[in-house]
Amino acid sequence: MTDSPLYISFLWHMHQPFYKDPFTGMYQLPWVRLHGTKDYLDMAEILLDFPDIKQTFNFTPSLLEQIIDYAEHQAGDRNLELSLKKAPELDIEDRTFILENFFLANWEHMIKPFPRYFELLMKRGSHLIRSELKRMAQYFSVSDFLDLQVLFNLCWIDPMFRKKDPFLSMLVDKGRDFTEEDKVLLLEKQLDLLKKIIPCYKEMVTEDRIELSVSPFYHPILPLLCDTNAAKIALPDVRLPQKRFSHPEDAQRQIRMGIEYFEKVFGYRPVGMWPSEGSVSEEVLRLVSREGIRWIGTDEDILSISLGRPLRDSSRNVVDPRSLYSPHLFEDVSIVFRDHSLSDLIGFEYAKWDPGKAAEDLLAKLIHIWRSVPKDKAYLVSIILDGENAWEYYRNDGHDFLRYLYEGLSKEQRLKTVTVSEYLNAGDRGRPLERIHAGSWIYANFAVWIGHEEDNTAWDYLTETREELRIFQEMNPERDLSDAWKALYIAEGSDWNWWYGDDHTTENQKDFDELFSLHLMKVYREIGKEIPAHLFIPVLREDRSVVPLVAMRGFIEPRIDGMVTSYYEWYQGAHLDTRKAGGSMHKSESILSTLFYGFNKDSLFLRLDSIVPFRELTDEMTFSVDITKPLQSRIHITLKPSLQAELFRKIESSWTKIQDIPDVAAEDIFEMKVPFSALNAREKDEISLSISVMKNGEEIERCPFRGHITLTVPTPDFEAMMWS
């Protein structure tokens, strides 16, 4: 490789968070399925037209596991469930969900190319007001919803496949007035595409067209698993979680599990790795080396800090091409460093350009690098970026840009694409590095995942849960706790903290927050321990308190008789529709329909309405009111053989009975009066509570499922203030 062209290695990182709800088995979000039909298969198949182009693709094992689940095990998600449902059978909740979620696609490049789809978007409105969706749904016909079911799934199929497949091409031309048969066949085509992904990559490896590399199984930030204090290396003043997380054995386990799963899927052990988010440290490199990985990739800023000198000037021109465009070696692992500028141009900028001009610009920049590097050896430019999320911002899903680029690279003798291993195997494994800076591809630090209040809260919950699991495992060495450990490893993934803090936002932030907590809850469920109340409270600050449908307007004085004595006795209280305010782990067993609450100056009043009269509920059913403020308390309610309500308080980690609550009734409805004094709540104190429903001792429903009801103990002039 010595007098030769400039070598370029493209590494496309393929990753999605682990979306499966550990309690229901359903995927909470559809993005593996949808990116699977739009972004994975085509990225490999496009290379069939360019035999001289070599590339490296990095797959996270958690993504592979989910693709296989859809392709081979009939996995489902809510969007798929409502896509399959016949349009005339959609109820109001289904229609509301569809109007909220079936326009989640790039409007310019994925919705506008379908005139009917854009028409439906304009009918709903480009500014989403969730509270208006139910009213708005009545203006959409059955035909509107059927077209929306089809177009949402059709727009998430890559244009390459829509063009090549006669049926998909027919749907595009048809444009509207689809049939139920059209929809069923479309979803079958979707599944066919998912089934082709892994076999396609296997075949291209066999033909020596591509290289495949791997990431740690559930995409954790490895240096932080080894020690959260590693964050201080790059950010000495960073605010750390209260509890230190330091488990290098988990980091090694995530690496090893990833390698083993890759080998199970593809039939051989990978030699390359993209550490999650390019996050590295010296300890991580030692772990990686121990597992037989021969090369990794990370960002150029890591190299610059490790060398103690800049690689670029203030204008972002490369001043040390010899270092940037050479691999380096640490603990017998070769490290390639991504050209940050070129990678970000593809990921974030070129989508705004004419595709031909963008390709020309990238080729010109590569030729400039070829001219700038010394001629003493062959140099390698590493372009590493997300292989899936950028393309929806490009016209034609990025195909025009990629084809111009690959055609130009194929013709240019001064440039040659290679896989990472191909370059390294030619003899240049890299110059030794004395040290490796601990950081990620984002600003060479870990600020995205630690330091913000929400990030730190998540780390503390993770640490507490892991410690509970460790202790239980030590006390029960014979127990198979693999499902508990799997849930914990999923919770260690980077994706949850990506959305905590102020760094990033998404329409699905609440889903990510809930999934993180659900996996921690799964650990407690597997070891038979009570799920801590704080795991039902969102980590996201703005979602911690649930806003009622109707707020309190004054004092109430209901008769505690278990009957709707008068419409007006609860009129000035607040109420929640429990179907809106949360959910259950087993939604088919949902019992509650509405929760009312209110107060006078001395007492709190609670009312529960259920789908059947309370007197008809079986003796398997019990209830509890879980109170986290002002003191951690619980009111345990049994209905049969006799109605009883008992107040307990958590004292030194044990529940101690404080007193009975006498004012309670359960006939058609459930009603209860609790003196504020029993809760140790004084004027202006905040009370936070939620309601749990148990069946045979197992929680099946909670309202609100995420967050809590918050109210403030009133002062005597509360009513006067409300009316002033």
# chains A, B, ... in the order shown; residues from 1 in each chain; ligands from 1
>>> select_by_dssp(residues="range 312-451 of chain A", states="helix (DSSP H, G or I)", output="PyMOL selection string")
chain A and resi 321-324+340-352+355-372+391-393+395-411+420-425
>>> residues_around(residues="Asn456 in chain A", least_positions_apart="4", cutoff="9 Å", atoms="only C-alpha atoms", output="JSON, numbers by chain")
{"A": [239, 240, 241, 242, 243, 449, 450, 451, 452, 460, 461]}
>>> write_last_selection(atoms="N, CA and C atoms", output="PDB file, in the first residue's frame")
ATOM      1  N   ARG A 239     -20.910  17.477  38.005  1.00  0.00           N
ATOM      2  CA  ARG A 239     -21.634  17.029  39.192  1.00  0.00           C
ATOM      3  C   ARG A 239     -21.975  15.559  39.015  1.00  0.00           C
ATOM      4  N   LEU A 240     -21.489  14.709  39.880  1.00  0.00           N
ATOM      5  CA  LEU A 240     -21.669  13.269  39.743  1.00  0.00           C
ATOM      6  C   LEU A 240     -22.911  12.787  40.498  1.00  0.00           C
ATOM      7  N   PRO A 241     -23.412  11.601  40.180  1.00  0.00           N
ATOM      8  CA  PRO A 241     -24.511  11.013  40.955  1.00  0.00           C
ATOM      9  C   PRO A 241     -24.116  10.835  42.418  1.00  0.00           C
ATOM     10  N   GLN A 242     -25.110  10.716  43.268  1.00  0.00           N
ATOM     11  CA  GLN A 242     -24.825  10.532  44.694  1.00  0.00           C
ATOM     12  C   GLN A 242     -24.116   9.206  44.943  1.00  0.00           C
ATOM     13  N   LYS A 243     -24.477   8.190  44.153  1.00  0.00           N
ATOM     14  CA  LYS A 243     -23.893   6.864  44.335  1.00  0.00           C
ATOM     15  C   LYS A 243     -22.920   6.586  43.191  1.00  0.00           C
ATOM     16  N   TRP A 449     -24.406  12.063  29.065  1.00  0.00           N
ATOM     17  CA  TRP A 449     -24.932  10.917  29.812  1.00  0.00           C
ATOM     18  C   TRP A 449     -24.791  11.044  31.329  1.00  0.00           C
ATOM     19  N   ILE A 450     -24.153  12.082  31.801  1.00  0.00           N
ATOM     20  CA  ILE A 450     -23.955  12.212  33.250  1.00  0.00           C
ATOM     21  C   ILE A 450     -23.744  13.682  33.588  1.00  0.00           C
ATOM     22  N   GLY A 451     -24.199  14.093  34.778  1.00  0.00           N
ATOM     23  CA  GLY A 451     -23.972  15.464  35.228  1.00  0.00           C
ATOM     24  C   GLY A 451     -25.241  16.260  35.415  1.00  0.00           C
ATOM     25  N   HIS A 452     -26.200  16.098  34.490  1.00  0.00           N
ATOM     26  CA  HIS A 452     -27.487  16.766  34.654  1.00  0.00           C
ATOM     27  C   HIS A 452     -28.280  16.055  35.755  1.00  0.00           C
ATOM     28  N   ASP A 460     -28.302   6.846  39.808  1.00  0.00           N
ATOM     29  CA  ASP A 460     -28.549   6.409  41.191  1.00  0.00           C
ATOM     30  C   ASP A 460     -29.561   5.264  41.233  1.00  0.00           C
ATOM     31  N   TYR A 461     -30.621   5.352  40.425  1.00  0.00           N
ATOM     32  CA  TYR A 461     -31.599   4.265  40.385  1.00  0.00           C
ATOM     33  C   TYR A 461     -30.953   2.979  39.873  1.00  0.00           C
TER      34      TYR A 461
END
>>> atom_distance(atom1="CA of Cys226 in chain A", atom2="CA of Glu291 in chain A")
15.7 Å
>>> residues_around(residues="range 78-87 of chain A", least_positions_apart="5", cutoff="9 Å", atoms="only C-alpha atoms", output="list in words")
Met26, Tyr27, Gln28, Leu29, Pro30, Asp94, Arg95, Phe97, Ile98, Asn101, Phe102, Val142, Ser143, Asp144, Phe145, Leu146, Leu148, Gln149, Val150, Phe152, Asn153, Glu180, Lys183, Val184 and Leu187 of chain A
>>> write_last_selection(atoms="N, CA, C and O atoms", output="mmCIF file, in the first residue's frame")
data_model
loop_
_atom_site.group_PDB
_atom_site.id
_atom_site.type_symbol
_atom_site.label_atom_id
_atom_site.label_comp_id
_atom_site.auth_asym_id
_atom_site.auth_seq_id
_atom_site.Cartn_x
_atom_site.Cartn_y
_atom_site.Cartn_z
ATOM 1 N N MET A 26 -44.401 -6.501 24.117
ATOM 2 C CA MET A 26 -44.632 -5.681 22.927
ATOM 3 C C MET A 26 -43.532 -4.631 22.818
ATOM 4 O O MET A 26 -42.998 -4.164 23.839
ATOM 5 N N TYR A 27 -43.219 -4.257 21.588
ATOM 6 C CA TYR A 27 -42.270 -3.166 21.385
ATOM 7 C C TYR A 27 -43.001 -1.842 21.554
ATOM 8 O O TYR A 27 -44.032 -1.597 20.928
ATOM 9 N N GLN A 28 -42.470 -1.008 22.430
ATOM 10 C CA GLN A 28 -43.162 0.234 22.765
ATOM 11 C C GLN A 28 -43.069 1.247 21.637
ATOM 12 O O GLN A 28 -43.946 2.102 21.494
ATOM 13 N N LEU A 29 -42.010 1.168 20.835
ATOM 14 C CA LEU A 29 -41.841 2.067 19.697
ATOM 15 C C LEU A 29 -41.495 1.226 18.465
ATOM 16 O O LEU A 29 -40.867 0.176 18.584
ATOM 17 N N PRO A 30 -41.832 1.710 17.263
ATOM 18 C CA PRO A 30 -41.733 0.871 16.060
ATOM 19 C C PRO A 30 -40.459 1.054 15.260
ATOM 20 O O PRO A 30 -40.371 0.577 14.132
ATOM 21 N N ASP A 94 -57.902 4.407 19.379
ATOM 22 C CA ASP A 94 -57.054 4.006 18.259
ATOM 23 C C ASP A 94 -56.853 5.174 17.299
ATOM 24 O O ASP A 94 -55.734 5.452 16.851
ATOM 25 N N ARG A 95 -57.933 5.832 16.965
ATOM 26 C CA ARG A 95 -57.856 6.930 15.991
ATOM 27 C C ARG A 95 -57.022 8.086 16.527
ATOM 28 O O ARG A 95 -56.266 8.723 15.784
ATOM 29 N N PHE A 97 -54.552 7.808 18.676
ATOM 30 C CA PHE A 97 -53.159 7.364 18.607
ATOM 31 C C PHE A 97 -52.615 7.508 17.190
ATOM 32 O O PHE A 97 -51.485 7.972 16.977
ATOM 33 N N ILE A 98 -53.396 7.103 16.208
ATOM 34 C CA ILE A 98 -52.942 7.176 14.819
ATOM 35 C C ILE A 98 -52.694 8.619 14.399
ATOM 36 O O ILE A 98 -51.669 8.930 13.773
ATOM 37 N N ASN A 101 -49.382 9.651 16.016
ATOM 38 C CA ASN A 101 -48.134 8.931 15.764
ATOM 39 C C ASN A 101 -47.868 8.537 14.315
ATOM 40 O O ASN A 101 -46.734 8.193 13.983
ATOM 41 N N PHE A 102 -48.868 8.585 13.444
ATOM 42 C CA PHE A 102 -48.667 8.104 12.076
ATOM 43 C C PHE A 102 -48.187 9.203 11.127
ATOM 44 O O PHE A 102 -48.143 8.988 9.910
ATOM 45 N N VAL A 142 -63.444 6.811 7.589
ATOM 46 C CA VAL A 142 -62.815 5.485 7.573
ATOM 47 C C VAL A 142 -61.779 5.414 6.461
ATOM 48 O O VAL A 142 -60.679 4.886 6.636
ATOM 49 N N SER A 143 -62.104 5.972 5.302
ATOM 50 C CA SER A 143 -61.171 5.986 4.172
ATOM 51 C C SER A 143 -59.917 6.778 4.496
ATOM 52 O O SER A 143 -58.801 6.396 4.108
ATOM 53 N N ASP A 144 -60.078 7.889 5.213
ATOM 54 C CA ASP A 144 -58.911 8.682 5.639
ATOM 55 C C ASP A 144 -57.975 7.836 6.489
ATOM 56 O O ASP A 144 -56.751 7.842 6.295
ATOM 57 N N PHE A 145 -58.537 7.114 7.456
ATOM 58 C CA PHE A 145 -57.695 6.322 8.357
ATOM 59 C C PHE A 145 -57.056 5.142 7.633
ATOM 60 O O PHE A 145 -55.895 4.807 7.898
ATOM 61 N N LEU A 146 -57.761 4.527 6.709
ATOM 62 C CA LEU A 146 -57.172 3.431 5.946
ATOM 63 C C LEU A 146 -56.010 3.932 5.091
ATOM 64 O O LEU A 146 -54.941 3.311 5.040
ATOM 65 N N LEU A 148 -54.211 6.498 5.741
ATOM 66 C CA LEU A 148 -53.136 6.862 6.664
ATOM 67 C C LEU A 148 -52.385 5.631 7.150
ATOM 68 O O LEU A 148 -51.145 5.641 7.257
ATOM 69 N N GLN A 149 -53.099 4.544 7.429
ATOM 70 C CA GLN A 149 -52.439 3.289 7.817
ATOM 71 C C GLN A 149 -51.475 2.823 6.730
ATOM 72 O O GLN A 149 -50.351 2.391 7.010
ATOM 73 N N VAL A 150 -51.909 2.892 5.475
ATOM 74 C CA VAL A 150 -51.069 2.438 4.369
ATOM 75 C C VAL A 150 -49.906 3.386 4.134
ATOM 76 O O VAL A 150 -48.745 2.960 4.023
ATOM 77 N N PHE A 152 -48.395 5.627 6.002
ATOM 78 C CA PHE A 152 -47.370 5.665 7.052
ATOM 79 C C PHE A 152 -46.372 4.530 6.865
ATOM 80 O O PHE A 152 -45.154 4.725 6.911
ATOM 81 N N ASN A 153 -46.870 3.330 6.645
ATOM 82 C CA ASN A 153 -45.970 2.192 6.469
ATOM 83 C C ASN A 153 -45.268 2.220 5.117
ATOM 84 O O ASN A 153 -44.116 1.797 5.008
ATOM 85 N N GLU A 180 -58.295 -2.763 2.295
ATOM 86 C CA GLU A 180 -57.738 -3.559 3.389
ATOM 87 C C GLU A 180 -56.763 -4.603 2.842
ATOM 88 O O GLU A 180 -55.750 -4.906 3.477
ATOM 89 N N LYS A 183 -53.413 -3.080 2.276
ATOM 90 C CA LYS A 183 -52.699 -2.888 3.542
ATOM 91 C C LYS A 183 -52.068 -4.186 4.025
ATOM 92 O O LYS A 183 -50.894 -4.206 4.441
ATOM 93 N N VAL A 184 -52.809 -5.275 3.957
ATOM 94 C CA VAL A 184 -52.284 -6.562 4.413
ATOM 95 C C VAL A 184 -51.073 -6.974 3.577
ATOM 96 O O VAL A 184 -50.047 -7.409 4.111
ATOM 97 N N LEU A 187 -47.966 -4.890 4.501
ATOM 98 C CA LEU A 187 -47.324 -5.302 5.746
ATOM 99 C C LEU A 187 -46.603 -6.636 5.585
ATOM 100 O O LEU A 187 -45.598 -6.888 6.262
#
>>> residues_around(residues="range 387-404 of chain A", least_positions_apart="3", cutoff="10 Å", atoms="only C-alpha atoms", output="short mmCIF file (atom, residue, chain, number, x, y, z; two decimals) with N, CA, C and O atoms, in the first residue's frame")
data_model
loop_
_atom_site.label_atom_id
_atom_site.label_comp_id
_atom_site.auth_asym_id
_atom_site.auth_seq_id
_atom_site.Cartn_x
_atom_site.Cartn_y
_atom_site.Cartn_z
N PHE A 10 -15.21 3.77 5.27
CA PHE A 10 -16.53 4.19 5.75
C PHE A 10 -17.01 3.17 6.76
O PHE A 10 -17.04 1.97 6.46
N LEU A 11 -17.38 3.63 7.94
CA LEU A 11 -18.00 2.76 8.93
C LEU A 11 -19.38 3.33 9.24
O LEU A 11 -19.50 4.44 9.75
N TRP A 12 -20.40 2.56 8.87
CA TRP A 12 -21.79 2.96 9.13
C TRP A 12 -22.27 2.23 10.39
O TRP A 12 -22.32 1.01 10.43
N HIS A 13 -22.61 3.00 11.40
CA HIS A 13 -23.02 2.43 12.69
C HIS A 13 -24.53 2.26 12.70
O HIS A 13 -25.29 3.23 12.58
N MET A 14 -24.99 1.02 12.85
CA MET A 14 -26.42 0.69 12.86
C MET A 14 -26.86 0.37 14.28
O MET A 14 -26.41 -0.61 14.87
N HIS A 15 -27.77 1.17 14.79
CA HIS A 15 -28.17 0.99 16.20
C HIS A 15 -29.55 1.55 16.43
O HIS A 15 -29.93 2.58 15.89
N GLN A 16 -30.32 0.84 17.25
CA GLN A 16 -31.57 1.35 17.80
C GLN A 16 -31.63 0.91 19.26
O GLN A 16 -31.12 -0.14 19.62
N HIS A 35 -37.08 1.45 10.52
CA HIS A 35 -35.74 1.64 9.96
C HIS A 35 -35.28 0.37 9.25
O HIS A 35 -34.49 0.43 8.31
N GLY A 36 -35.80 -0.78 9.69
CA GLY A 36 -35.45 -2.03 9.04
C GLY A 36 -35.91 -2.08 7.60
O GLY A 36 -35.24 -2.70 6.76
N LYS A 38 -36.36 0.68 5.78
CA LYS A 38 -35.89 1.88 5.08
C LYS A 38 -34.38 2.03 5.02
O LYS A 38 -33.85 2.60 4.06
N ASP A 39 -33.64 1.52 6.03
CA ASP A 39 -32.25 1.96 6.14
C ASP A 39 -31.19 0.88 6.25
O ASP A 39 -30.01 1.21 6.18
N TYR A 40 -31.53 -0.36 6.45
CA TYR A 40 -30.49 -1.37 6.65
C TYR A 40 -30.20 -2.15 5.38
O TYR A 40 -29.05 -2.21 4.92
N ASP A 42 -31.04 -1.55 2.20
CA ASP A 42 -30.63 -0.74 1.04
C ASP A 42 -29.19 -0.27 1.14
O ASP A 42 -28.50 -0.11 0.12
N MET A 43 -28.70 -0.03 2.37
CA MET A 43 -27.32 0.43 2.53
C MET A 43 -26.32 -0.61 2.06
O MET A 43 -25.22 -0.29 1.61
N ILE A 46 -27.18 -1.25 -2.23
CA ILE A 46 -26.71 -0.22 -3.15
C ILE A 46 -25.28 -0.49 -3.61
O ILE A 46 -24.87 -0.12 -4.72
N LEU A 47 -24.51 -1.20 -2.78
CA LEU A 47 -23.11 -1.50 -3.13
C LEU A 47 -23.01 -2.52 -4.26
O LEU A 47 -21.95 -2.64 -4.89
N ASP A 49 -24.16 -2.27 -7.08
CA ASP A 49 -23.91 -1.52 -8.32
C ASP A 49 -22.52 -0.91 -8.37
O ASP A 49 -22.16 -0.30 -9.39
N PHE A 50 -21.75 -1.05 -7.29
CA PHE A 50 -20.42 -0.42 -7.23
C PHE A 50 -19.43 -1.44 -6.67
O PHE A 50 -19.05 -1.39 -5.49
N PHE A 57 -19.66 -2.09 8.23
CA PHE A 57 -20.94 -1.83 8.90
C PHE A 57 -20.84 -2.35 10.33
O PHE A 57 -20.41 -3.49 10.56
N ASN A 58 -21.23 -1.51 11.26
CA ASN A 58 -21.22 -1.89 12.67
C ASN A 58 -22.66 -2.09 13.14
O ASN A 58 -23.50 -1.21 13.00
N PHE A 59 -22.94 -3.27 13.70
CA PHE A 59 -24.28 -3.57 14.23
C PHE A 59 -24.20 -3.77 15.74
O PHE A 59 -23.36 -4.51 16.23
N ALA A 105 -42.60 11.09 10.61
CA ALA A 105 -41.70 10.86 9.48
C ALA A 105 -41.28 12.25 9.01
O ALA A 105 -41.96 13.24 9.30
N ASN A 106 -40.17 12.33 8.31
CA ASN A 106 -39.72 13.62 7.80
C ASN A 106 -40.76 14.16 6.82
O ASN A 106 -41.04 13.54 5.79
N TRP A 107 -41.33 15.31 7.14
CA TRP A 107 -42.43 15.82 6.34
C TRP A 107 -41.98 16.16 4.91
O TRP A 107 -42.69 15.88 3.95
N GLU A 108 -40.81 16.76 4.78
CA GLU A 108 -40.36 17.22 3.47
C GLU A 108 -40.04 16.06 2.53
O GLU A 108 -40.43 16.08 1.36
N HIS A 109 -39.33 15.05 3.05
CA HIS A 109 -38.80 14.00 2.17
C HIS A 109 -39.56 12.68 2.24
O HIS A 109 -39.35 11.82 1.38
N MET A 110 -40.44 12.52 3.23
CA MET A 110 -41.15 11.25 3.35
C MET A 110 -42.67 11.40 3.23
O MET A 110 -43.35 10.47 2.80
N PRO A 113 -43.80 13.75 -0.69
CA PRO A 113 -43.83 13.03 -1.97
C PRO A 113 -45.12 12.24 -2.21
O PRO A 113 -45.38 11.84 -3.34
N TRP A 156 -42.16 4.52 4.97
CA TRP A 156 -41.00 4.00 5.69
C TRP A 156 -40.36 2.81 4.97
O TRP A 156 -39.49 2.14 5.53
N ILE A 157 -40.78 2.54 3.74
CA ILE A 157 -40.09 1.56 2.90
C ILE A 157 -39.19 2.33 1.95
O ILE A 157 -39.61 3.31 1.32
N ASP A 158 -37.94 1.90 1.85
CA ASP A 158 -36.96 2.64 1.07
C ASP A 158 -37.43 2.83 -0.38
O ASP A 158 -38.02 1.91 -0.97
N PRO A 159 -37.17 4.01 -0.96
CA PRO A 159 -37.56 4.26 -2.35
C PRO A 159 -37.03 3.21 -3.33
O PRO A 159 -37.68 2.92 -4.34
N MET A 160 -35.85 2.65 -3.04
CA MET A 160 -35.29 1.61 -3.91
C MET A 160 -36.24 0.43 -4.03
O MET A 160 -36.48 -0.10 -5.14
N ILE A 346 -21.51 14.58 6.23
CA ILE A 346 -22.47 13.60 5.73
C ILE A 346 -23.67 13.50 6.67
O ILE A 346 -24.83 13.46 6.25
N GLY A 347 -23.39 13.47 7.97
CA GLY A 347 -24.46 13.26 8.94
C GLY A 347 -25.40 14.43 9.10
O GLY A 347 -26.60 14.22 9.35
N PHE A 348 -24.89 15.66 8.93
CA PHE A 348 -25.71 16.81 9.31
C PHE A 348 -25.82 17.92 8.26
O PHE A 348 -26.74 18.73 8.34
N GLU A 349 -24.90 17.99 7.30
CA GLU A 349 -24.87 19.14 6.41
C GLU A 349 -25.25 18.84 4.97
O GLU A 349 -26.02 19.57 4.35
N TYR A 350 -24.70 17.78 4.40
CA TYR A 350 -24.89 17.54 2.97
C TYR A 350 -26.35 17.30 2.59
O TYR A 350 -26.73 17.45 1.43
N ALA A 351 -27.18 16.94 3.54
CA ALA A 351 -28.61 16.76 3.25
C ALA A 351 -29.23 18.04 2.72
O ALA A 351 -30.22 18.00 1.97
N LYS A 352 -28.67 19.19 3.07
CA LYS A 352 -29.22 20.48 2.64
C LYS A 352 -28.73 20.88 1.24
O LYS A 352 -29.20 21.85 0.68
N TRP A 353 -27.76 20.14 0.70
CA TRP A 353 -27.14 20.49 -0.57
C TRP A 353 -27.81 19.73 -1.72
O TRP A 353 -28.49 18.73 -1.52
N ASP A 354 -27.53 20.21 -2.94
CA ASP A 354 -27.79 19.40 -4.11
C ASP A 354 -26.93 18.15 -4.00
O ASP A 354 -25.73 18.24 -3.70
N PRO A 355 -27.49 16.93 -4.20
CA PRO A 355 -26.71 15.71 -3.95
C PRO A 355 -25.45 15.59 -4.79
O PRO A 355 -24.42 15.10 -4.31
N GLY A 356 -25.50 16.01 -6.06
CA GLY A 356 -24.31 15.95 -6.90
C GLY A 356 -23.22 16.88 -6.40
O GLY A 356 -22.03 16.51 -6.34
N LYS A 357 -23.61 18.09 -6.00
CA LYS A 357 -22.64 19.06 -5.49
C LYS A 357 -22.04 18.58 -4.16
O LYS A 357 -20.85 18.78 -3.90
N ALA A 358 -22.87 17.96 -3.32
CA ALA A 358 -22.37 17.45 -2.04
C ALA A 358 -21.33 16.37 -2.27
O ALA A 358 -20.27 16.35 -1.62
N ALA A 359 -21.60 15.45 -3.19
CA ALA A 359 -20.64 14.38 -3.49
C ALA A 359 -19.34 14.97 -4.04
O ALA A 359 -18.24 14.55 -3.66
N GLU A 360 -19.46 15.94 -4.95
CA GLU A 360 -18.27 16.60 -5.50
C GLU A 360 -17.44 17.26 -4.40
O GLU A 360 -16.21 17.19 -4.41
N LEU A 363 -15.57 14.58 -2.39
CA LEU A 363 -14.45 14.06 -3.18
C LEU A 363 -13.31 15.06 -3.24
O LEU A 363 -12.13 14.69 -3.13
N ILE A 384 -16.83 7.86 9.95
CA ILE A 384 -17.65 7.01 10.81
C ILE A 384 -18.85 7.81 11.28
O ILE A 384 -18.71 8.91 11.83
N GLU A 407 -19.91 6.54 -7.34
CA GLU A 407 -19.46 6.60 -8.73
C GLU A 407 -18.16 7.39 -8.83
O GLU A 407 -17.21 6.99 -9.52
N GLY A 408 -18.10 8.52 -8.12
CA GLY A 408 -16.88 9.33 -8.13
C GLY A 408 -15.70 8.60 -7.52
O GLY A 408 -14.58 8.66 -8.05
N LEU A 409 -15.93 7.90 -6.41
CA LEU A 409 -14.85 7.15 -5.78
C LEU A 409 -14.37 6.00 -6.67
O LEU A 409 -13.18 5.68 -6.71
N SER A 410 -15.31 5.38 -7.39
CA SER A 410 -14.94 4.27 -8.27
C SER A 410 -14.04 4.73 -9.41
O SER A 410 -13.18 3.97 -9.89
#
